[in-house]
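Peer 1: The structure follows.
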Amino acid sequence: MRRSMLAITAALLASAPIAAQTIQTTPTDRVIDQGTNHSEVMRIAQYLTDVIGARLTNSPGIRKAEDWTQAKFREWGLVNVHKEGFEFGRGWWNEKLAVRMVAPRPLQLVAAPLPWTPGTSGAVTGEVVLAPLADEAAFAQFKGKLKGKVVLISEPRELEEATEAPFKRWTDDELTKRDQYDLLNGGGGNRAFNPARLTFGAKRDAFLKEEGAIGYAIMSSRNGKLVHGQNSQFQVGQSGLLPGIEIAAEDYRRLARLAKMGAKPTLEIDAVNHFDDSDTKAYNVLADIPGTDPKAGYVMAGAHLDSWAMGDGAADNGAGSAMVMEAARIIKASGIKTKRAIRFALWAGEEQGLLGSMAYVENHVAKRPVDAGASGMVRYMTWSRAFPITPGPDHGKLAAYFNLDNGSGKIRGIYAQGNTAVMPIFEQWFAPFRSMGAIEVSARRTGSTDHVFFDAVGIPAFQFIQDPLDYGSMVHHTDVDTFDHLKADDMRQGALILAEFLINAANSDQPLPRVPLATAPTPADQFYPFPESAH
């Protein structure tokens, strides 16, 4: 009888529901489950774009995004959620812009306001004059000819014909070709930088104001009625003096042709722009998942939260921000513990020269002897050229930084930034995701986004390779950068791969390998033309 009962008990246990048994799952499987079956990445992206919209640094949009993203991090259980401020400049936003040609015939035009330029204080009307102002030498040619005019200051030109499809995914062969090691020869790739060229805009504004122009226009750099609306006059005391607009290339050329033939085209412009000087600081949003070993340091992921004023800042960079936030949610919801802490950053001021991530590096990681009075693009262009580098309190603590800022395209690999020792490690980390298209570890260096200044001070800092989609051809910085251009499956894949890389970097026995801390480079050995010092 006892033997029969034991047999029955064993049979019942064997047939018990799977849910009642202890199931062993790997961290990778838990990440994939959270990132696919429970993803919130598109809900995050939709709120940032449809509800909040454009997030120009120090605008009302970015302030709303700062509050909302902090609330979400707290909702998910992250700690040390806070903002870190840095001096930026003026707040600005556009309420209304209407631009139409009223002569020689009525025609609505496609245009964008130039940030940090004033409005028109009601509709103004003026004849269009074509006066390309490429440098100060051009001022004399148009002196006394611009009073009461709307000045087209760009030389109209035919744009290059497209040679590729507007929507693109990398082939495996194309990805392989992206793997190249850049031989930086004593800083030979660093072209000389002349800060004076960045002051020309202020001189042009002063000339136009003195001549009595009522406003000016530039031509869009893309065809297809795409407009951007970019400007760099955000510092206090350096804002534009006249209303400035960007006109779609097709409309701009029409105006230029009419002006050339003497048809006297006339524009009506009604721009309602607002400045806000109540807080001249911009703010990075930071949030942490603590590690189990307080002495082990931390790893980091980031994306820039700011955008330009046109469109809704979806691909640039609502997509990256949403994937970074989703990676935080995935890790927290999965219950995965890591030795090192994981910090998430949403940067401000990226579009004006990576200013938010630069501020973080300067405050926490390392300093370089840059002119304290330099700001904007001058600071951006000179920062990585200044030596020596002085490590800060977090230089030894920050084990890795990962960045997302190439739109919503699927992650296809990662740029190793010339760090050859890290390449076999990343190849191993990509192994579970090869069937999802992530295959390439490229030695190539890539720039122009928020990993740059971490990398410049010796932190292992990386940007992922993503499918281009229509990012460069259509949506980047334009009025069509909206939610519709985001790819949900690609963003789910990107968020879970980012989460996996963060977990691996935070749990590895040893921090990721580092390249040597940069020192002032030896002059390049190119002989032709001979440098002045060789004469």
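Simple scheme: letters A, B, ... for chains in structure tokens order, numbers from 1 for residues in each chain, numbers from 1 for ligands in the order shown.
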Would you please extract all helix (DSSP H, G or I) residues from range 224-379 of chain A, as assigned by DSSP on the backbone, and give them as a compact mmCIF listing (two decimals) with C-alpha atoms, in the first residue's frame?
Peer 2:
```txt
# COMPACT_ATOMS: atom_id res chain seq x y z
CA ALA A 249 13.78 75.07 -51.76
CA GLU A 250 11.15 75.01 -54.50
CA ASP A 251 9.43 78.14 -53.15
CA TYR A 252 12.74 79.92 -52.58
CA ARG A 253 13.95 79.34 -56.13
CA ARG A 254 10.65 80.64 -57.49
CA LEU A 255 11.04 83.85 -55.50
CA ALA A 256 14.63 84.23 -56.69
CA ARG A 257 13.66 83.75 -60.33
CA LEU A 258 10.85 86.30 -60.05
CA ALA A 259 13.19 88.80 -58.39
CA LYS A 260 15.83 88.27 -61.10
CA ALA A 314 10.57 61.74 -33.33
CA ALA A 315 13.52 60.10 -35.08
CA ASP A 316 15.90 62.76 -33.75
CA ASN A 317 15.87 61.86 -31.01
CA GLY A 318 12.60 60.81 -29.45
CA ALA A 319 13.41 57.33 -30.74
CA GLY A 320 16.74 57.11 -28.91
CA SER A 321 15.25 58.61 -25.75
CA ALA A 322 12.37 56.13 -25.82
CA MET A 323 14.73 53.17 -26.29
CA VAL A 324 16.95 54.31 -23.41
CA MET A 325 13.89 54.71 -21.19
CA GLU A 326 12.53 51.35 -22.30
CA ALA A 327 15.88 49.69 -21.52
CA ALA A 328 15.61 51.08 -17.99
CA ARG A 329 12.07 49.74 -17.65
CA ILE A 330 13.09 46.31 -19.03
CA ILE A 331 15.97 45.90 -16.60
CA LYS A 332 13.95 47.03 -13.62
CA ALA A 333 10.89 44.93 -14.53
CA SER A 334 13.04 41.86 -15.17
CA GLU A 350 22.83 68.19 -28.12
CA GLU A 351 21.68 70.05 -31.20
CA GLN A 352 23.71 73.10 -30.20
CA LEU A 355 26.42 70.69 -24.60
CA GLY A 356 24.54 68.50 -22.10
CA SER A 357 26.83 65.48 -22.33
CA MET A 358 29.85 67.81 -22.35
CA ALA A 359 28.60 69.38 -19.11
CA TYR A 360 28.23 65.94 -17.51
CA VAL A 361 31.73 64.93 -18.55
CA GLU A 362 33.18 68.17 -17.19
CA ASN A 363 31.29 67.91 -13.90
CA HIS A 364 31.91 64.22 -13.24
CA VAL A 365 34.45 62.57 -15.51
CA GLY A 376 27.99 76.83 -28.29
CA MET A 377 29.77 75.60 -31.39
CA VAL A 378 33.04 77.34 -30.42
CA ARG A 379 33.18 75.22 -27.28
```
Peer 1: Can you tell me, as an NGL selection string, what residues are no more than 10 Å from range 61-77 of chain A when counting only C-alpha atoms, ignoring any on the same chain fewer than 5 positions away?
Peer 2: :A and (44 or 47-49 or 51-56 or 82-83 or 91 or 93 or 282-289 or 305-307 or 309 or 312 or 321-322 or 325-326 or 328-333 or 344 or 346-348)
Peer 1: So which bits of range 251-472 of chain A end up strand (DSSP E) when you DSSP the backbone, as number ranges by chain?
Peer 2: A: 266-276, 281-289, 298-304, 341-347, 366-367, 390-391, 398-403, 411-415, 440-442, 461-466
Peer 1: Please save C-alpha atoms of the selected residues as a short mmCIF file (atom, residue, chain, number, x, y, z; two decimals), in the first residue's frame.
Peer 2:
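After the write, part-v4.cif holds the following:
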```cif
data_model
loop_
_atom_site.label_atom_id
_atom_site.label_comp_id
_atom_site.auth_asym_id
_atom_site.auth_seq_id
_atom_site.Cartn_x
_atom_site.Cartn_y
_atom_site.Cartn_z
CA THR A 266 6.24 90.49 -52.42
CA LEU A 267 5.88 88.46 -49.22
CA GLU A 268 3.58 88.75 -46.27
CA ILE A 269 5.10 87.29 -43.09
CA ASP A 270 3.30 86.83 -39.80
CA ALA A 271 5.56 85.31 -37.14
CA VAL A 272 4.65 85.05 -33.47
CA ASN A 273 7.79 84.07 -31.54
CA HIS A 274 8.37 84.09 -27.81
CA PHE A 275 11.56 84.44 -25.76
CA ASP A 276 11.80 83.16 -22.18
CA LYS A 281 20.00 76.81 -17.58
CA ALA A 282 19.36 73.66 -19.58
CA TYR A 283 18.94 70.36 -17.77
CA ASN A 284 20.04 66.75 -18.21
CA VAL A 285 17.69 64.12 -16.75
CA LEU A 286 19.43 61.32 -14.82
CA ALA A 287 18.14 58.15 -13.15
CA ASP A 288 19.83 55.09 -11.61
CA ILE A 289 19.33 51.39 -11.02
CA TYR A 298 28.63 52.25 -12.89
CA VAL A 299 27.78 51.92 -16.58
CA MET A 300 25.67 54.36 -18.50
CA ALA A 301 23.27 54.75 -21.43
CA GLY A 302 22.16 58.00 -22.97
CA ALA A 303 20.26 59.76 -25.74
CA HIS A 304 19.46 63.40 -26.29
CA ALA A 341 24.98 50.50 -11.00
CA ILE A 342 23.32 51.50 -14.28
CA ARG A 343 22.71 55.19 -14.98
CA PHE A 344 20.36 56.52 -17.65
CA ALA A 345 20.81 59.99 -19.11
CA LEU A 346 18.58 62.12 -21.33
CA TRP A 347 20.72 64.98 -22.58
CA ALA A 366 37.27 64.82 -16.75
CA LYS A 367 38.16 68.41 -17.57
CA THR A 390 42.50 66.06 -15.99
CA PRO A 391 40.52 63.01 -14.75
CA LEU A 398 32.40 54.93 -15.19
CA ALA A 399 33.01 51.58 -16.86
CA ALA A 400 31.13 52.12 -20.15
CA TYR A 401 28.77 54.47 -21.96
CA PHE A 402 26.33 53.45 -24.73
CA ASN A 403 24.49 55.95 -26.93
CA ILE A 411 20.44 47.96 -34.33
CA ARG A 412 22.74 46.20 -36.80
CA GLY A 413 25.97 46.44 -34.81
CA ILE A 414 28.16 48.85 -32.89
CA TYR A 415 31.09 51.17 -33.57
CA GLU A 440 28.57 43.93 -37.09
CA VAL A 441 31.25 45.10 -34.67
CA SER A 442 33.11 47.82 -36.53
CA ALA A 461 31.95 54.97 -25.12
CA PHE A 462 30.03 53.65 -28.09
CA GLN A 463 27.31 54.45 -30.60
CA PHE A 464 25.24 51.65 -32.13
CA ILE A 465 25.00 51.06 -35.88
CA GLN A 466 21.38 51.35 -36.98
#
```
Peer 1: Here is a test: counting only C-alpha atoms, which residue of A:Pro432, A:Gly418, A:Gly392, A:Pro521 is nearest to Thr446 in chain A?
Peer 2: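 Ranked by minimum distance to Thr446 in chain A, first place goes to A:Gly418.
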Peer 1: Can you check which parts of range 146-221 of chain A lie within 12 Å of range 120-140 of chain A? Per residue, the shortest pair of atoms and distance in Å to one decimal, counting only C-alpha atoms, sorted by chain and number, as JSON lines.
Peer 2:
```
{"residue": "A:Leu146", "atom": "CA", "partner": "A:Val129", "partner_atom": "CA", "distance": 7.4}
{"residue": "A:Lys147", "atom": "CA", "partner": "A:Gly126", "partner_atom": "CA", "distance": 9.4}
{"residue": "A:Gly148", "atom": "CA", "partner": "A:Gly126", "partner_atom": "CA", "distance": 6.0}
{"residue": "A:Lys149", "atom": "CA", "partner": "A:Gly126", "partner_atom": "CA", "distance": 5.0}
{"residue": "A:Val150", "atom": "CA", "partner": "A:Val128", "partner_atom": "CA", "distance": 4.8}
{"residue": "A:Val151", "atom": "CA", "partner": "A:Val129", "partner_atom": "CA", "distance": 5.1}
{"residue": "A:Leu152", "atom": "CA", "partner": "A:Leu130", "partner_atom": "CA", "distance": 4.8}
{"residue": "A:Ile153", "atom": "CA", "partner": "A:Pro132", "partner_atom": "CA", "distance": 4.3}
{"residue": "A:Ser154", "atom": "CA", "partner": "A:Pro132", "partner_atom": "CA", "distance": 5.0}
{"residue": "A:Glu155", "atom": "CA", "partner": "A:Pro132", "partner_atom": "CA", "distance": 5.2}
{"residue": "A:Pro156", "atom": "CA", "partner": "A:Pro132", "partner_atom": "CA", "distance": 8.6}
{"residue": "A:Arg157", "atom": "CA", "partner": "A:Pro132", "partner_atom": "CA", "distance": 11.5}
{"residue": "A:Ala196", "atom": "CA", "partner": "A:Asp135", "partner_atom": "CA", "distance": 11.6}
{"residue": "A:Arg197", "atom": "CA", "partner": "A:Asp135", "partner_atom": "CA", "distance": 9.3}
{"residue": "A:Leu198", "atom": "CA", "partner": "A:Asp135", "partner_atom": "CA", "distance": 11.4}
{"residue": "A:Thr199", "atom": "CA", "partner": "A:Asp135", "partner_atom": "CA", "distance": 10.8}
{"residue": "A:Phe200", "atom": "CA", "partner": "A:Asp135", "partner_atom": "CA", "distance": 7.3}
{"residue": "A:Gly201", "atom": "CA", "partner": "A:Asp135", "partner_atom": "CA", "distance": 9.3}
{"residue": "A:Ala202", "atom": "CA", "partner": "A:Glu136", "partner_atom": "CA", "distance": 11.0}
{"residue": "A:Lys203", "atom": "CA", "partner": "A:Glu136", "partner_atom": "CA", "distance": 7.8}
{"residue": "A:Arg204", "atom": "CA", "partner": "A:Glu136", "partner_atom": "CA", "distance": 7.5}
{"residue": "A:Asp205", "atom": "CA", "partner": "A:Leu133", "partner_atom": "CA", "distance": 10.4}
{"residue": "A:Ala206", "atom": "CA", "partner": "A:Phe139", "partner_atom": "CA", "distance": 10.9}
{"residue": "A:Phe207", "atom": "CA", "partner": "A:Phe139", "partner_atom": "CA", "distance": 7.4}
{"residue": "A:Leu208", "atom": "CA", "partner": "A:Phe139", "partner_atom": "CA", "distance": 9.1}
{"residue": "A:Glu210", "atom": "CA", "partner": "A:Phe139", "partner_atom": "CA", "distance": 11.3}
{"residue": "A:Glu211", "atom": "CA", "partner": "A:Phe139", "partner_atom": "CA", "distance": 10.0}
{"residue": "A:Gly212", "atom": "CA", "partner": "A:Gly126", "partner_atom": "CA", "distance": 11.3}
{"residue": "A:Ala213", "atom": "CA", "partner": "A:Gly126", "partner_atom": "CA", "distance": 8.9}
{"residue": "A:Ile214", "atom": "CA", "partner": "A:Gly126", "partner_atom": "CA", "distance": 7.3}
{"residue": "A:Gly215", "atom": "CA", "partner": "A:Thr120", "partner_atom": "CA", "distance": 8.4}
{"residue": "A:Tyr216", "atom": "CA", "partner": "A:Val128", "partner_atom": "CA", "distance": 9.1}
{"residue": "A:Ala217", "atom": "CA", "partner": "A:Val128", "partner_atom": "CA", "distance": 9.6}
{"residue": "A:Ile218", "atom": "CA", "partner": "A:Pro132", "partner_atom": "CA", "distance": 9.4}
{"residue": "A:Met219", "atom": "CA", "partner": "A:Pro132", "partner_atom": "CA", "distance": 10.8}
```
Peer 1: Just give me the gap between CA of Ala431 in chain A and CA of Glu40 in chain A in Å, one decimal is fine.
Peer 2: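 Interatomic distance here is 24.6 Å.
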Peer 1: Using only C-alpha atoms, which of the listed residues (A:Ala45, A:His485, A:Met381, A:Phe433) sits closest to Thr28 in chain A?
Peer 2: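 The shortest atom-to-atom distance to Thr28 in chain A comes from A:Phe433.
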Peer 1: May I have the residues within 9 Å of Ile32 in chain A as a list in words, using only C-alpha atoms and disregarding those fewer than 4 positions away in the same chain?
Peer 2: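 In the requested format, the answer is Pro27, Thr28, Thr36, Asn37, Ile330, Gln493, Leu496, Ile497 and Glu500 of chain A.
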Peer 1: Restrict the selected residues to N, CA and C atoms and save them as a PDB file, in the first residue's frame.
Peer 2:
```pdb
ATOM      1  N   PRO A  27      19.055  35.608 -17.878  1.00  0.00           N
ATOM      2  CA  PRO A  27      18.774  37.047 -17.956  1.00  0.00           C
ATOM      3  C   PRO A  27      18.428  37.498 -19.373  1.00  0.00           C
ATOM      4  N   THR A  28      19.092  36.918 -20.375  1.00  0.00           N
ATOM      5  CA  THR A  28      18.806  37.300 -21.753  1.00  0.00           C
ATOM      6  C   THR A  28      17.361  36.987 -22.127  1.00  0.00           C
ATOM      7  N   THR A  36       9.722  42.326 -25.691  1.00  0.00           N
ATOM      8  CA  THR A  36       8.823  41.956 -26.783  1.00  0.00           C
ATOM      9  C   THR A  36       7.374  41.847 -26.301  1.00  0.00           C
ATOM     10  N   ASN A  37       7.144  40.982 -25.312  1.00  0.00           N
ATOM     11  CA  ASN A  37       5.769  40.734 -24.864  1.00  0.00           C
ATOM     12  C   ASN A  37       5.189  41.848 -24.007  1.00  0.00           C
ATOM     13  N   ILE A 330      12.864  47.755 -18.835  1.00  0.00           N
ATOM     14  CA  ILE A 330      13.090  46.311 -19.030  1.00  0.00           C
ATOM     15  C   ILE A 330      13.948  45.748 -17.902  1.00  0.00           C
ATOM     16  N   GLN A 493      13.515  45.939 -30.791  1.00  0.00           N
ATOM     17  CA  GLN A 493      14.797  45.235 -30.877  1.00  0.00           C
ATOM     18  C   GLN A 493      15.925  46.077 -30.286  1.00  0.00           C
ATOM     19  N   LEU A 496      15.853  46.235 -26.320  1.00  0.00           N
ATOM     20  CA  LEU A 496      16.261  45.039 -25.590  1.00  0.00           C
ATOM     21  C   LEU A 496      17.751  44.748 -25.767  1.00  0.00           C
ATOM     22  N   ILE A 497      18.319  45.080 -26.945  1.00  0.00           N
ATOM     23  CA  ILE A 497      19.773  44.917 -27.118  1.00  0.00           C
ATOM     24  C   ILE A 497      20.521  45.892 -26.213  1.00  0.00           C
ATOM     25  N   GLU A 500      20.484  44.517 -22.758  1.00  0.00           N
ATOM     26  CA  GLU A 500      21.413  43.392 -22.624  1.00  0.00           C
ATOM     27  C   GLU A 500      22.857  43.874 -22.514  1.00  0.00           C
TER      28      GLU A 500
END
```
Peer 1: So how many Å separate CA of Phe234 in chain A and CA of Gly85 in chain A, to one decimal?
Peer 2: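 CA of Phe234 in chain A sits 16.2 Å away from CA of Gly85 in chain A.
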Peer 1: Please determine, counting only C-alpha atoms, which residue among A:Ala416, A:Ala488, A:Leu502, A:Ala518 has the shortest atom-to-atom distance to Arg178 in chain A.
Peer 2: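 Using only C-alpha atoms, the shortest distance to Arg178 in chain A belongs to A:Ala416.
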Peer 1: Between A:Ala499, A:Ile459, A:Leu486, A:Val480, which residue has the minimum interatomic distance to Pro516 in chain A, considering only C-alpha atoms?
Peer 2: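 Closest residue, counting only C-alpha atoms: A:Ile459.
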Peer 1: Can you work out which one of A:Asp182, A:Gln34, A:Arg368, A:Pro513 has the shortest atom-to-atom distance to Phe426 in chain A, counting only C-alpha atoms?
Peer 2: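 Among A:Asp182, A:Gln34, A:Arg368, A:Pro513, it is A:Pro513 that comes nearest to Phe426 in chain A.
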